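K.L.:
Sharing a structure here in structure tokens format.
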Amino acid sequence: MKIALAQQNYIVGNFEHNTSLIRDGIARARKSGADLVVFSELSVCGYPPRDFLEFTDFYESCAEAVRKIATDCKGIAAIVGAPSKNPGEKGKPLYNTAFFLADGQLFGMAHKTLLPTYDVFDEYRYFEPNRMPYQVIDYLGKRFAMTICEDLWNIDNYPLYVRNPMEELSRLQPDVIINIAASPFHYNQPETRLDILSRNARHYNLPLFYVNQVGGQTELLFDGGSMVLTPDGILKDELQRFDEDLRTYELEEIQMPDTGCQHLASDIQTIHSALVMGIRDYFSKMGFSKAILGLSGGIDSAVTLVLAAEALGSEQVKALLLPSRFSSEHSITDARTLAENLQCSYDIIPIDGSFTAIENAMAPHFGQLSFNVTEENIQARLRAVILMAMANKFGYILLNTSNKSEAAVGYGTLYGDMCGGISVLGDLYKTQVYELARYINRSGEMIPINTLDKPPSAELRPDQKDADSLPDYALLDQILFHYIEERKGPNEITAMGFDPAVVKRVLGMVNENEWKRHQTPPILRVSPKAFGVGRRMPIVGKYL
């Protein structure tokens, strides 16, 4: 028997697109000689559909798409994911279901049991967990145990639930484990995922075929990385990361012992690929084509420009240099050099005239009050006004260039440098942005070396440096990581050897600026705990 894995990039709610992709995958798999082709979790509607699932029309469109796809399943079977109706009178109205289609019709199905309700996941809001007896699918002399994503995560030291789907399925003596998934990327996830799948294959001594979707769905990035494992838990093959792929395997070969394939990629390499894909898919799926950003000569806007040019093409990205009276000449030079290295269009629009006009307008009201953060924010907001004016006039989408360190402690201007349609670096700490810049320059100096070497500065007042307002980023980012990603409290962080006063100050800034983060654009998620839908903190609250 030959089994094909179809790793595809779906658009949530675009049934015409998704159905066409799936039917094309069936045709390609048939051409390769496959007897069965497997698609990812909720492939018919795209993942995550969220509150679309509350609309009857949406579910009915899913059901109609499954019926259409079934008509192509003659001489080949397919496993696709879609919501299905809960026929019972109790519980949620829908199941998260894997459909086994063969002979032009529904051949069997399996409902998801373990519904995630943590971080970015909220499946129990929409779906009823499976409470029915498990069944294996008998097809062409093989018995398939169909599972959906988290249904395989309940093993050994992982959380124990009321039911263990695979443990119950194993009693029915399956020949193959199939797992369809929509598993979002973060930089630890590929290794964790491989470990879970490998341990399942070994524990049940069965070959395992795993299919994950690929592509950006606003802030969630799916890396694909679909894989096949032998019964002894060895990775036989892995599909492309961050790209569509389809491969066909002879089941008998997967059942044989194997030395395995290489599974190596650095964190920064995968983060780079994830962000490029996230920008590209956000623009293409929203029907956008052109991006604009403010290019300051600093590290954040430089990295954002490189990623955008790679994702969209240099000709589709516009940079604006918006110098003020406080901008250094080397920052303007660095910004121009980068734009020219990338062959991106750029304009220079000084803001000093506009800033002076506002200063004069406010002078009767400000009186003799000294220059402070007010005037700094006016400059940032003037830049946002100009960027948005260009975006409106010429059809650009503004890219936000703020990093996670700044977003965490509120080191940004609301309605100024916090504006944008999508936040590219909002889940990377400042130290990670520098690491990404060095990765970009691995083959040559794309980003001017001066941009990497000079002290970071907002350049909103004379001789300003970030270090004037914040702890050194090397220290700041460690504290932020322990608090945000690891969810350690102030006492735990202090016990690790950090200065109690610095910890209290940093965590205080994080908590005090929650209101700002609720007004920022979606952030491309690359860490286990990003700002946005996966981190739900009260705006009004006191922790320290």
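By convention in this document, the chains of the structure tokens carry letters A, B, ... by their order, each chain's residues are numbered from 1, and ligands are numbered from 1 in the order they are shown.
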Which residues come within 9 Å of stretch 75-81 of chain A, counting only C-alpha atoms, excluding same-chain residues fewer than 3 positions away, as a VMD selection string?
P.N.:
chain A and resid 22 26 29 to 30 33 to 46 66 69 to 70 72 96 to 104 107 109 139 146 148 180 to 181
K.L.:
For N, CA and C atoms, I'd like the residues from the last selection saved as an mmCIF file, in the first residue's frame.
P.N.:
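Output file out.cif follows:
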data_model
loop_
_atom_site.group_PDB
_atom_site.id
_atom_site.type_symbol
_atom_site.label_atom_id
_atom_site.label_comp_id
_atom_site.auth_asym_id
_atom_site.auth_seq_id
_atom_site.Cartn_x
_atom_site.Cartn_y
_atom_site.Cartn_z
ATOM 1 N N ILE A 22 -7.267 20.663 -2.212
ATOM 2 C CA ILE A 22 -7.417 19.268 -1.789
ATOM 3 C C ILE A 22 -7.659 18.366 -3.000
ATOM 4 N N ILE A 26 -5.394 15.280 -4.322
ATOM 5 C CA ILE A 26 -5.880 13.917 -4.608
ATOM 6 C C ILE A 26 -5.416 13.474 -5.993
ATOM 7 N N ALA A 29 -1.682 12.776 -5.915
ATOM 8 C CA ALA A 29 -1.410 11.542 -5.181
ATOM 9 C C ALA A 29 -1.793 10.320 -6.018
ATOM 10 N N ARG A 30 -2.913 10.402 -6.700
ATOM 11 C CA ARG A 30 -3.340 9.299 -7.570
ATOM 12 C C ARG A 30 -2.296 9.054 -8.657
ATOM 13 N N GLY A 33 0.574 7.002 -7.679
ATOM 14 C CA GLY A 33 0.279 5.610 -7.356
ATOM 15 C C GLY A 33 -0.218 5.389 -5.945
ATOM 16 N N ALA A 34 -0.562 6.459 -5.239
ATOM 17 C CA ALA A 34 -0.999 6.336 -3.847
ATOM 18 C C ALA A 34 -2.378 5.682 -3.762
ATOM 19 N N ASP A 35 -2.562 4.878 -2.710
ATOM 20 C CA ASP A 35 -3.878 4.296 -2.404
ATOM 21 C C ASP A 35 -4.656 5.181 -1.441
ATOM 22 N N LEU A 36 -3.916 5.993 -0.668
ATOM 23 C CA LEU A 36 -4.527 6.871 0.331
ATOM 24 C C LEU A 36 -3.719 8.164 0.387
ATOM 25 N N VAL A 37 -4.409 9.297 0.435
ATOM 26 C CA VAL A 37 -3.736 10.580 0.606
ATOM 27 C C VAL A 37 -4.315 11.254 1.853
ATOM 28 N N VAL A 38 -3.448 11.834 2.672
ATOM 29 C CA VAL A 38 -3.852 12.374 3.966
ATOM 30 C C VAL A 38 -3.626 13.884 3.984
ATOM 31 N N PHE A 39 -4.651 14.629 4.405
ATOM 32 C CA PHE A 39 -4.590 16.086 4.523
ATOM 33 C C PHE A 39 -4.661 16.474 6.013
ATOM 34 N N SER A 40 -4.505 17.738 6.314
ATOM 35 C CA SER A 40 -4.347 18.164 7.705
ATOM 36 C C SER A 40 -5.682 18.430 8.398
ATOM 37 N N GLU A 41 -5.594 18.730 9.673
ATOM 38 C CA GLU A 41 -6.746 19.021 10.531
ATOM 39 C C GLU A 41 -7.522 20.239 10.019
ATOM 40 N N LEU A 42 -8.855 20.100 9.945
ATOM 41 C CA LEU A 42 -9.742 21.166 9.478
ATOM 42 C C LEU A 42 -9.257 21.765 8.150
ATOM 43 N N SER A 43 -8.737 20.891 7.299
ATOM 44 C CA SER A 43 -8.211 21.348 6.003
ATOM 45 C C SER A 43 -9.297 21.947 5.120
ATOM 46 N N VAL A 44 -10.508 21.467 5.253
ATOM 47 C CA VAL A 44 -11.588 21.938 4.384
ATOM 48 C C VAL A 44 -11.916 23.405 4.635
ATOM 49 N N CYS A 45 -11.886 23.818 5.905
ATOM 50 C CA CYS A 45 -12.248 25.203 6.231
ATOM 51 C C CYS A 45 -11.052 26.068 6.576
ATOM 52 N N GLY A 46 -9.875 25.443 6.820
ATOM 53 C CA GLY A 46 -8.721 26.192 7.281
ATOM 54 C C GLY A 46 -8.732 26.319 8.796
ATOM 55 N N VAL A 66 -16.954 18.738 1.705
ATOM 56 C CA VAL A 66 -16.581 17.334 1.935
ATOM 57 C C VAL A 66 -17.277 16.432 0.923
ATOM 58 N N ILE A 69 -15.469 16.758 -2.399
ATOM 59 C CA ILE A 69 -14.165 16.089 -2.378
ATOM 60 C C ILE A 69 -14.344 14.577 -2.464
ATOM 61 N N ALA A 70 -15.383 14.059 -1.823
ATOM 62 C CA ALA A 70 -15.621 12.617 -1.834
ATOM 63 C C ALA A 70 -15.809 12.080 -3.251
ATOM 64 N N ASP A 72 -14.231 12.761 -5.797
ATOM 65 C CA ASP A 72 -12.932 12.528 -6.435
ATOM 66 C C ASP A 72 -12.242 11.280 -5.895
ATOM 67 N N ASN A 96 -14.782 18.240 15.900
ATOM 68 C CA ASN A 96 -13.615 18.399 15.043
ATOM 69 C C ASN A 96 -13.305 17.005 14.515
ATOM 70 N N THR A 97 -13.459 16.797 13.212
ATOM 71 C CA THR A 97 -13.562 15.442 12.662
ATOM 72 C C THR A 97 -12.547 15.180 11.551
ATOM 73 N N ALA A 98 -12.053 13.952 11.537
ATOM 74 C CA ALA A 98 -11.284 13.431 10.406
ATOM 75 C C ALA A 98 -12.212 12.535 9.592
ATOM 76 N N PHE A 99 -12.405 12.862 8.320
ATOM 77 C CA PHE A 99 -13.270 12.093 7.412
ATOM 78 C C PHE A 99 -12.406 11.173 6.549
ATOM 79 N N PHE A 100 -12.767 9.900 6.517
ATOM 80 C CA PHE A 100 -12.123 8.942 5.614
ATOM 81 C C PHE A 100 -13.050 8.762 4.420
ATOM 82 N N LEU A 101 -12.618 9.233 3.261
ATOM 83 C CA LEU A 101 -13.437 9.211 2.044
ATOM 84 C C LEU A 101 -12.901 8.166 1.081
ATOM 85 N N ALA A 102 -13.791 7.321 0.569
ATOM 86 C CA ALA A 102 -13.391 6.282 -0.389
ATOM 87 C C ALA A 102 -14.609 5.849 -1.193
ATOM 88 N N ASP A 103 -14.353 5.367 -2.392
ATOM 89 C CA ASP A 103 -15.424 4.894 -3.279
ATOM 90 C C ASP A 103 -16.483 5.967 -3.507
ATOM 91 N N GLY A 104 -16.050 7.232 -3.523
ATOM 92 C CA GLY A 104 -16.947 8.338 -3.831
ATOM 93 C C GLY A 104 -17.859 8.754 -2.699
ATOM 94 N N PHE A 107 -16.528 6.958 4.094
ATOM 95 C CA PHE A 107 -16.212 5.570 4.434
ATOM 96 C C PHE A 107 -16.104 5.382 5.943
ATOM 97 N N MET A 109 -15.202 7.903 9.960
ATOM 98 C CA MET A 109 -14.797 9.172 10.554
ATOM 99 C C MET A 109 -14.297 8.952 11.972
ATOM 100 N N TYR A 139 -9.344 -0.721 5.454
ATOM 101 C CA TYR A 139 -9.326 -0.323 4.046
ATOM 102 C C TYR A 139 -8.166 -1.035 3.351
ATOM 103 N N MET A 146 -7.143 6.557 13.209
ATOM 104 C CA MET A 146 -7.159 7.990 12.867
ATOM 105 C C MET A 146 -7.204 8.814 14.143
ATOM 106 N N ILE A 148 -6.381 13.002 15.779
ATOM 107 C CA ILE A 148 -6.301 14.418 15.402
ATOM 108 C C ILE A 148 -5.419 15.147 16.415
ATOM 109 N N ILE A 180 -3.645 13.779 11.903
ATOM 110 C CA ILE A 180 -3.779 15.017 11.131
ATOM 111 C C ILE A 180 -3.764 16.179 12.117
ATOM 112 N N ALA A 181 -3.055 17.250 11.768
ATOM 113 C CA ALA A 181 -2.805 18.291 12.758
ATOM 114 C C ALA A 181 -2.840 19.681 12.147
#
K.L.:
Give me, as an MDAnalysis selection string, all polymer residues having an atom no more than 10 Å from A:Ile386, counting only C-alpha atoms and skipping those fewer than 5 positions away in the same chain.
P.N.:
chainID A and resid 294 320 322 349 351 381 391:392
K.L.:
Based on the selection just made, write C-alpha atoms of those residues as a compact mmCIF listing (two decimals), in the first residue's frame.
P.N.:
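Below is the file again.txt, written as the result:
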# COMPACT_ATOMS: atom_id res chain seq x y z
CA GLY A 294 9.74 53.91 8.30
CA LEU A 320 10.49 56.31 4.10
CA LEU A 322 11.84 60.61 8.20
CA ILE A 349 10.73 63.35 4.07
CA ILE A 351 9.67 66.07 9.76
CA ARG A 381 3.21 60.44 15.73
CA ALA A 391 -0.21 54.13 2.64
CA ASN A 392 -3.67 55.58 2.00
K.L.:
Give the answer as one residue: which of A:Asp138, A:Asp232, A:Glu167, A:Glu54 has the shortest atom-to-atom distance to A:Arg125, using only C-alpha atoms?
P.N.:
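Closest to A:Arg125, using only C-alpha atoms: A:Glu54.
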K.L.:
Name the residues of stretch 237-433 of chain A that fall into strand (DSSP E) according to DSSP on the backbone, using the chain letters and numbers of this document, as a ChimeraX atom specification.
P.N.:
/A:237-238,245-250,290-294,317-321,345-348,396-400,422-423
K.L.:
Show which residues sit within 6 Å of A:Ala530, as a list of chain:residue names. Count only C-alpha atoms, and ignore same-chain residues fewer than 2 positions away.
P.N.:
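Contacts, with the query itself left out: A:Asp427, A:Arg525, A:Ser527.
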